[in-house]
>>> print(open('coords.csv').read())   # CSV, C-alpha atoms
chain,number,residue,atom,x,y,z
A,1,MET,CA,-17.4,-6.0,22.2
A,2,LYS,CA,-14.7,-7.0,19.9
A,3,GLU,CA,-14.4,-7.0,16.1
A,4,VAL,CA,-12.7,-10.1,14.8
A,5,ILE,CA,-11.3,-9.8,11.3
A,6,ALA,CA,-10.1,-13.0,9.7
A,7,ILE,CA,-8.5,-13.4,6.3
A,8,VAL,CA,-8.8,-17.0,5.0
A,9,ARG,CA,-8.5,-19.1,1.9
A,10,ILE,CA,-11.5,-19.0,-0.5
A,11,ASN,CA,-12.0,-22.8,-0.5
A,12,MET,CA,-12.2,-22.8,3.3
A,13,MET,CA,-15.2,-20.5,3.4
A,14,ASN,CA,-17.9,-23.2,3.7
A,15,GLN,CA,-16.0,-25.0,6.5
A,16,THR,CA,-15.4,-21.8,8.3
A,17,LYS,CA,-19.0,-20.8,8.1
A,18,GLN,CA,-20.1,-24.1,9.5
A,19,ALA,CA,-17.5,-24.0,12.3
A,20,LEU,CA,-18.6,-20.4,13.2
A,21,THR,CA,-22.2,-21.5,13.4
A,22,ASP,CA,-21.3,-24.4,15.6
A,23,CYS,CA,-19.3,-22.1,17.8
A,24,GLY,CA,-22.4,-19.8,18.3
A,25,VAL,CA,-21.6,-17.0,15.9
A,26,ASP,CA,-24.4,-16.7,13.5
A,27,ALA,CA,-23.9,-13.2,12.3
A,28,PHE,CA,-20.9,-12.1,10.3
A,29,PHE,CA,-20.1,-10.6,7.0
A,30,ALA,CA,-17.5,-11.5,4.4
A,31,HIS,CA,-16.1,-9.8,1.4
A,32,GLU,CA,-13.6,-10.6,-1.4
A,33,ALA,CA,-10.1,-9.3,-0.8
A,34,GLN,CA,-6.7,-9.8,-2.3
A,35,GLY,CA,-3.6,-9.9,-0.4
A,36,ARG,CA,0.0,-10.9,0.2
A,37,GLY,CA,1.8,-11.9,3.3
A,38,VAL,CA,5.4,-12.3,4.3
A,39,GLY,CA,5.4,-15.5,2.4
A,40,PHE,CA,7.6,-18.6,2.9
A,41,VAL,CA,11.1,-17.5,3.6
A,42,SER,CA,13.6,-19.8,5.2
A,43,PRO,CA,16.7,-18.4,6.8
A,44,ALA,CA,18.9,-20.6,4.6
A,45,VAL,CA,17.4,-19.0,1.4
A,46,LEU,CA,17.7,-15.5,2.8
A,47,GLU,CA,21.4,-16.2,3.7
A,48,GLY,CA,22.0,-17.5,0.1
A,49,THR,CA,20.4,-14.4,-1.4
A,50,VAL,CA,22.6,-12.2,0.7
A,51,GLN,CA,25.7,-14.1,-0.5
A,52,GLY,CA,24.6,-13.5,-4.1
A,53,TYR,CA,23.4,-17.0,-5.2
A,54,GLU,CA,21.0,-16.6,-8.1
A,55,GLU,CA,19.2,-19.9,-7.3
A,56,ALA,CA,18.3,-18.6,-3.8
A,57,ALA,CA,17.0,-15.3,-5.3
A,58,ALA,CA,14.8,-17.3,-7.7
A,59,LEU,CA,13.5,-19.4,-4.7
A,60,LEU,CA,12.2,-16.2,-3.1
A,61,GLY,CA,9.8,-16.2,-6.0
A,62,GLU,CA,7.5,-13.5,-7.3
A,63,LYS,CA,7.3,-10.9,-4.6
A,64,GLY,CA,4.3,-8.7,-4.5
A,65,LYS,CA,1.8,-11.0,-6.2
A,66,LEU,CA,-1.7,-10.6,-4.7
A,67,TYR,CA,-3.7,-13.8,-4.0
A,68,PRO,CA,-7.5,-13.8,-3.8
A,69,LYS,CA,-8.8,-14.3,-0.2
A,70,ARG,CA,-12.0,-13.9,1.8
A,71,MET,CA,-12.1,-11.4,4.6
A,72,ILE,CA,-14.6,-12.3,7.4
A,73,THR,CA,-15.7,-9.7,9.9
A,74,ALA,CA,-17.6,-10.7,13.0
A,75,VAL,CA,-18.6,-8.6,16.0
A,76,VAL,CA,-18.7,-10.7,19.1
A,77,GLU,CA,-18.9,-10.3,22.9
A,78,ASP,CA,-15.7,-10.2,24.8
A,79,SER,CA,-16.2,-13.6,26.3
A,80,MET,CA,-16.6,-15.2,22.9
A,81,VAL,CA,-13.3,-13.9,21.4
A,82,GLY,CA,-11.1,-16.8,22.5
A,83,CYS,CA,-13.6,-19.4,21.2
A,84,VAL,CA,-14.0,-17.6,17.8
A,85,VAL,CA,-10.2,-17.2,17.3
A,86,GLU,CA,-9.6,-20.8,18.2
A,87,THR,CA,-12.3,-22.1,15.9
A,88,ILE,CA,-11.0,-20.1,12.9
A,89,ILE,CA,-7.5,-21.2,13.5
A,90,ASN,CA,-8.4,-24.8,13.9
A,91,THR,CA,-10.6,-24.9,10.8
A,92,ASN,CA,-8.2,-23.1,8.5
A,93,GLN,CA,-4.9,-24.4,9.6
A,94,THR,CA,-3.0,-26.4,7.0
A,95,GLY,CA,0.4,-25.4,8.1
A,96,MET,CA,1.3,-23.9,4.7
A,97,PRO,CA,2.0,-20.2,4.2
A,98,GLY,CA,-1.2,-18.4,3.0
A,99,ASP,CA,-3.5,-19.7,5.6
A,100,GLY,CA,-4.3,-16.2,6.6
A,101,LYS,CA,-4.5,-14.0,9.7
A,102,VAL,CA,-6.8,-13.2,12.5
A,103,PHE,CA,-7.0,-9.7,14.0
A,104,VAL,CA,-9.0,-8.7,17.1
A,105,LEU,CA,-9.9,-5.0,17.3
A,106,PRO,CA,-11.8,-3.2,20.1
A,107,LEU,CA,-15.2,-1.8,19.2
A,108,SER,CA,-16.9,0.9,21.2
A,109,ASP,CA,-20.6,0.5,20.3
A,110,ALA,CA,-23.0,-1.2,17.9
A,111,VAL,CA,-26.6,-0.4,17.0
A,112,ARG,CA,-29.2,-2.7,15.5
A,113,VAL,CA,-30.9,-0.6,12.9
A,114,ARG,CA,-34.3,-2.4,13.1
A,115,THR,CA,-34.9,-1.8,16.8
A,116,GLY,CA,-32.4,0.8,17.7
A,117,GLU,CA,-30.9,-1.4,20.4
A,118,THR,CA,-27.3,-0.6,21.3
A,119,GLY,CA,-24.4,-2.4,23.0
A,120,VAL,CA,-24.2,-6.1,23.6
A,121,LYS,CA,-28.0,-6.4,23.1
A,122,SER,CA,-27.6,-5.5,19.4
A,123,ILE,CA,-25.4,-8.4,18.7
A,124,SER,CA,-27.0,-11.2,20.8
B,125,MET,CA,-0.7,-4.0,20.8
B,126,LEU,CA,-0.3,-3.7,17.0
B,127,THR,CA,-1.6,-1.0,14.7
B,128,MET,CA,-4.0,-1.5,11.8
B,129,ILE,CA,-3.6,1.0,8.9
B,130,ARG,CA,-6.4,1.3,6.4
B,131,ALA,CA,-5.7,3.5,3.5
B,132,ILE,CA,-8.3,4.4,0.8
B,133,VAL,CA,-6.5,5.3,-2.4
B,134,ARG,CA,-7.3,5.8,-6.1
B,135,PRO,CA,-7.5,2.4,-7.9
B,136,GLU,CA,-4.9,3.6,-10.4
B,137,LYS,CA,-2.5,4.4,-7.6
B,138,ALA,CA,-2.9,1.0,-5.8
B,139,ASP,CA,-0.1,-0.8,-7.7
B,140,LYS,CA,2.3,2.0,-7.1
B,141,VAL,CA,1.5,2.1,-3.4
B,142,LEU,CA,1.9,-1.7,-3.1
B,143,ALA,CA,5.3,-1.6,-4.9
B,144,ALA,CA,6.4,1.2,-2.6
B,145,LEU,CA,5.3,-0.7,0.5
B,146,MET,CA,7.2,-3.8,-0.7
B,147,GLU,CA,10.3,-1.6,-1.2
B,148,ALA,CA,9.9,-0.2,2.3
B,149,GLY,CA,9.7,-3.6,3.8
B,150,TYR,CA,6.0,-4.2,4.3
B,151,PRO,CA,5.1,-7.2,2.1
B,152,ALA,CA,1.9,-8.1,4.0
B,153,VAL,CA,-1.0,-6.1,2.7
B,154,THR,CA,-4.7,-6.9,2.0
B,155,LYS,CA,-6.5,-5.0,-0.8
B,156,TYR,CA,-10.2,-4.8,-1.5
B,157,SER,CA,-12.4,-2.6,-3.6
B,158,VAL,CA,-14.7,-0.1,-2.1
B,159,ALA,CA,-17.0,2.6,-3.3
B,160,GLY,CA,-17.6,5.9,-1.6
B,161,ARG,CA,-17.6,9.6,-1.5
B,162,GLY,CA,-15.9,12.3,0.4
B,163,LYS,CA,-16.8,15.7,1.8
B,164,GLN,CA,-17.0,17.1,-1.8
B,165,ARG,CA,-20.1,14.9,-2.2
B,166,GLY,CA,-18.8,12.9,-5.1
B,167,ILE,CA,-18.0,14.4,-8.4
B,168,LYS,CA,-20.2,16.4,-10.8
B,169,ILE,CA,-19.5,16.1,-14.5
B,170,GLY,CA,-21.9,18.2,-16.6
B,171,GLU,CA,-25.4,17.3,-15.5
B,172,VAL,CA,-24.5,14.0,-13.9
B,173,THR,CA,-23.4,13.6,-10.3
B,174,TYR,CA,-21.4,10.6,-9.3
B,175,ASP,CA,-21.7,10.1,-5.6
B,176,GLU,CA,-20.1,6.6,-5.4
B,177,LEU,CA,-16.6,6.7,-6.7
B,178,PRO,CA,-14.6,3.4,-6.9
B,179,LYS,CA,-11.6,3.3,-4.6
B,180,VAL,CA,-9.2,0.7,-3.3
B,181,MET,CA,-8.8,0.0,0.4
B,182,LEU,CA,-5.4,-1.2,1.5
B,183,MET,CA,-5.2,-2.8,4.9
B,184,SER,CA,-2.0,-3.7,6.8
B,185,VAL,CA,-1.2,-4.5,10.4
B,186,ILE,CA,2.2,-3.3,11.6
B,187,ASN,CA,4.2,-2.4,14.7
B,188,PRO,CA,3.1,0.8,16.3
B,189,SER,CA,6.7,2.1,16.0
B,190,ASP,CA,6.6,1.9,12.2
B,191,LYS,CA,3.3,3.8,12.0
B,192,ASP,CA,4.7,7.2,10.9
B,193,PHE,CA,7.1,5.7,8.3
B,194,PHE,CA,4.3,3.6,6.8
B,195,ILE,CA,1.9,6.5,6.6
B,196,ASP,CA,4.5,8.7,4.9
B,197,THR,CA,5.2,5.9,2.4
B,198,VAL,CA,1.5,5.6,1.5
B,199,MET,CA,0.9,9.3,1.5
B,200,ASN,CA,3.8,10.2,-0.8
B,201,THR,CA,3.0,7.6,-3.4
B,202,ALA,CA,-0.8,7.9,-3.3
B,203,ARG,CA,-0.9,11.7,-3.7
B,204,SER,CA,-1.5,13.1,-7.1
B,205,SER,CA,1.4,15.0,-8.7
B,206,GLY,CA,1.9,18.5,-7.3
B,207,LYS,CA,-0.1,19.5,-4.3
B,208,GLY,CA,-2.5,16.6,-4.5
B,209,ALA,CA,-6.2,16.6,-5.5
B,210,PHE,CA,-9.6,15.9,-4.0
B,211,GLY,CA,-10.2,12.2,-4.1
B,212,ASP,CA,-6.7,11.1,-3.3
B,213,GLY,CA,-8.1,9.2,-0.3
B,214,LYS,CA,-7.8,8.9,3.4
B,215,ILE,CA,-5.7,6.9,5.9
B,216,PHE,CA,-7.2,5.6,9.1
B,217,VAL,CA,-5.2,4.1,12.1
B,218,SER,CA,-6.7,1.8,14.7
B,219,ASP,CA,-5.5,-0.5,17.4
B,220,VAL,CA,-5.3,-4.3,17.1
B,221,GLU,CA,-5.5,-6.1,20.4
B,222,GLU,CA,-4.6,-9.5,19.2
B,223,SER,CA,-3.1,-10.9,16.0
B,224,TYR,CA,-2.7,-14.5,15.0
B,225,THR,CA,-1.1,-16.3,12.0
B,226,ILE,CA,-3.3,-19.2,11.1
B,227,SER,CA,-0.7,-21.4,9.5
B,228,SER,CA,1.5,-21.6,12.7
B,229,GLY,CA,-1.1,-20.6,15.3
B,230,VAL,CA,1.4,-18.1,16.7
B,231,LYS,CA,0.0,-15.1,18.5
B,232,GLU,CA,2.1,-12.2,17.3
B,233,THR,CA,1.1,-9.7,19.9
B,234,ASP,CA,3.2,-11.7,22.3
B,235,TYR,CA,6.3,-11.1,20.3
B,236,VAL,CA,5.8,-7.3,20.2
B,237,LYS,CA,6.1,-7.1,24.0
B,238,GLU,CA,9.6,-8.6,23.7
B,239,GLY,CA,10.5,-6.1,21.0
B,240,VAL,CA,10.6,-8.6,18.1
B,241,THR,CA,9.0,-7.6,14.7
B,242,PRO,CA,6.2,-10.0,13.6
>>> encode(input="coords.csv", output="structure tokens")
Amino acid sequence: MKEVIAIVRINMMNQTKQALTDCGVDAFFAHEAQGRGVGFVSPAVLEGTVQGYEEAAALLGEKGKLYPKRMITAVVEDSMVGCVVETIINTNQTGMPGDGKVFVLPLSDAVRVRTGETGVKSIS
Amino acid sequence: MLTMIRAIVRPEKADKVLAALMEAGYPAVTKYSVAGRGKQRGIKIGEVTYDELPKVMLMSVINPSDKDFFIDTVMNTARSSGKGAFGDGKIFVSDVEESYTISSGVKETDYVKEGVTP
């Protein structure tokens, strides 16, 4: 089993939910998060900052500002990981900075509270 | 393999920790609010016991080699003055098998093998 954590734009949530359902992942949970990434930094701007140009420093913008995002967590079988990651990337990709990240973490066990089933059975 | 650090800190310390992380060269952090209690079973003020205290969770995925420095940075800024106090929080470390940037579709775990920072 793997835990897939995706951080996506808020306005992409509906599309992402639909895409995940189409992909066969019905169960996941989401919560509000705020975050910042490495941002859009081009090598030319960085070089300019190093050489002391104020315009370049201004282009780097407000560092450290947190943007509102949604964090989706889905627990899926090993065989589904590729499909889920691909679906999330294809749905959310606009090519601009701020599209988000996808992380895949190992998960040792899961239990369904209602029946007490463990392992893969509990998530299928 | 990358490393995910999840730090639970006091809400009033979150900004200080975020600034310190930026200074230390870790701009990418995700923050969300959580509520919880520790082994002190919450806090008792007079007759009232609060067993769900608001905290802030900071999550970041970094190179395994930066782990100790990152933890030191968070620990030193999140700790209350002096020797620290109950409720300052926890730091958890877990492995990340794969990591993708959505905007470019790049799989960062591939770069780590070649020794390049994501």
>>> atom_distance(input="coords.csv", atom1="atom CA of Pro178 of chain B", atom2="atom CA of Gly98 of chain A")
27.4 Å
>>> closest_atom_pairs(input="coords.csv", of="chain B", to="chain A", cutoff="8 Å", atoms="all atoms listed in the file", output="CSV")
residue,atom,partner,partner_atom,distance
B:Leu142,CA,A:Gly64,CA,7.5
B:Ala143,CA,A:Gly64,CA,7.2
B:Met146,CA,A:Gly64,CA,6.8
B:Pro151,CA,A:Val38,CA,5.6
B:Ala152,CA,A:Gly37,CA,3.9
B:Val153,CA,A:Arg36,CA,5.5
B:Thr154,CA,A:Gly35,CA,4.0
B:Lys155,CA,A:Gln34,CA,5.0
B:Tyr156,CA,A:Ala33,CA,4.6
B:Ser157,CA,A:Ala33,CA,7.6
B:Ser218,CA,A:Leu105,CA,8.0
B:Asp219,CA,A:Leu105,CA,6.3
B:Val220,CA,A:Leu105,CA,4.7
B:Glu221,CA,A:Val104,CA,5.5
B:Glu222,CA,A:Val104,CA,4.9
B:Ser223,CA,A:Phe103,CA,4.5
B:Tyr224,CA,A:Val102,CA,5.0
B:Thr225,CA,A:Lys101,CA,4.7
B:Ile226,CA,A:Ile89,CA,5.2
B:Ser227,CA,A:Gly95,CA,4.4
B:Ser228,CA,A:Gly95,CA,6.1
B:Gly229,CA,A:Ile89,CA,6.7
>>> residues_around(input="coords.csv", residues="Asp175 of chain B", least_positions_apart="6", cutoff="12 Å", atoms="only C-alpha atoms", output="PDB file with C-alpha atoms, in the coordinates of the input")
ATOM      1  CA  ALA B 159     -17.000   2.600  -3.300  1.00  0.00           C
ATOM      2  CA  GLY B 160     -17.600   5.900  -1.600  1.00  0.00           C
ATOM      3  CA  ARG B 161     -17.600   9.600  -1.500  1.00  0.00           C
ATOM      4  CA  GLY B 162     -15.900  12.300   0.400  1.00  0.00           C
ATOM      5  CA  LYS B 163     -16.800  15.700   1.800  1.00  0.00           C
ATOM      6  CA  GLN B 164     -17.000  17.100  -1.800  1.00  0.00           C
ATOM      7  CA  ARG B 165     -20.100  14.900  -2.200  1.00  0.00           C
ATOM      8  CA  GLY B 166     -18.800  12.900  -5.100  1.00  0.00           C
ATOM      9  CA  ILE B 167     -18.000  14.400  -8.400  1.00  0.00           C
ATOM     10  CA  LYS B 168     -20.200  16.400 -10.800  1.00  0.00           C
ATOM     11  CA  ILE B 169     -19.500  16.100 -14.500  1.00  0.00           C
ATOM     12  CA  GLY B 211     -10.200  12.200  -4.100  1.00  0.00           C
TER      13      GLY B 211
END
>>> atom_distance(input="coords.csv", atom1="atom CA of Met128 of chain B", atom2="atom CA of Tyr150 of chain B")
12.8 Å
>>> residues_near_point(input="coords.csv", point="(-15.3, -21.3, 14.4)", cutoff="6 Å", atoms="only C-alpha atoms", output="MDAnalysis selection string")
chainID A and resid 19:20 23 84 87:88
>>> residues_around(input="coords.csv", residues="Ser108 of chain A", least_positions_apart="2", cutoff="12 Å", atoms="only C-alpha atoms", output="ChimeraX atom specification")
/A:1-3,75-78,105-106,110-111,118-120
>>> write_last_selection(input="coords.csv", atoms="C-alpha atoms", output="PDB file, in the frame of the given file")
ATOM      1  CA  MET A   1     -17.400  -6.000  22.200  1.00  0.00           C
ATOM      2  CA  LYS A   2     -14.700  -7.000  19.900  1.00  0.00           C
ATOM      3  CA  GLU A   3     -14.400  -7.000  16.100  1.00  0.00           C
ATOM      4  CA  VAL A  75     -18.600  -8.600  16.000  1.00  0.00           C
ATOM      5  CA  VAL A  76     -18.700 -10.700  19.100  1.00  0.00           C
ATOM      6  CA  GLU A  77     -18.900 -10.300  22.900  1.00  0.00           C
ATOM      7  CA  ASP A  78     -15.700 -10.200  24.800  1.00  0.00           C
ATOM      8  CA  LEU A 105      -9.900  -5.000  17.300  1.00  0.00           C
ATOM      9  CA  PRO A 106     -11.800  -3.200  20.100  1.00  0.00           C
ATOM     10  CA  ALA A 110     -23.000  -1.200  17.900  1.00  0.00           C
ATOM     11  CA  VAL A 111     -26.600  -0.400  17.000  1.00  0.00           C
ATOM     12  CA  THR A 118     -27.300  -0.600  21.300  1.00  0.00           C
ATOM     13  CA  GLY A 119     -24.400  -2.400  23.000  1.00  0.00           C
ATOM     14  CA  VAL A 120     -24.200  -6.100  23.600  1.00  0.00           C
TER      15      VAL A 120
END
>>> closest_residue(input="coords.csv", among="B:Val217, B:Arg203, B:Arg134, B:Val230", to="Lys191 of chain B", atoms="all atoms listed in the file")
B:Val217
>>> closest_residue(input="coords.csv", among="B:Asp212, B:Leu145, B:Leu126, B:Lys137", to="Phe193 of chain B", atoms="all atoms listed in the file")
B:Leu145
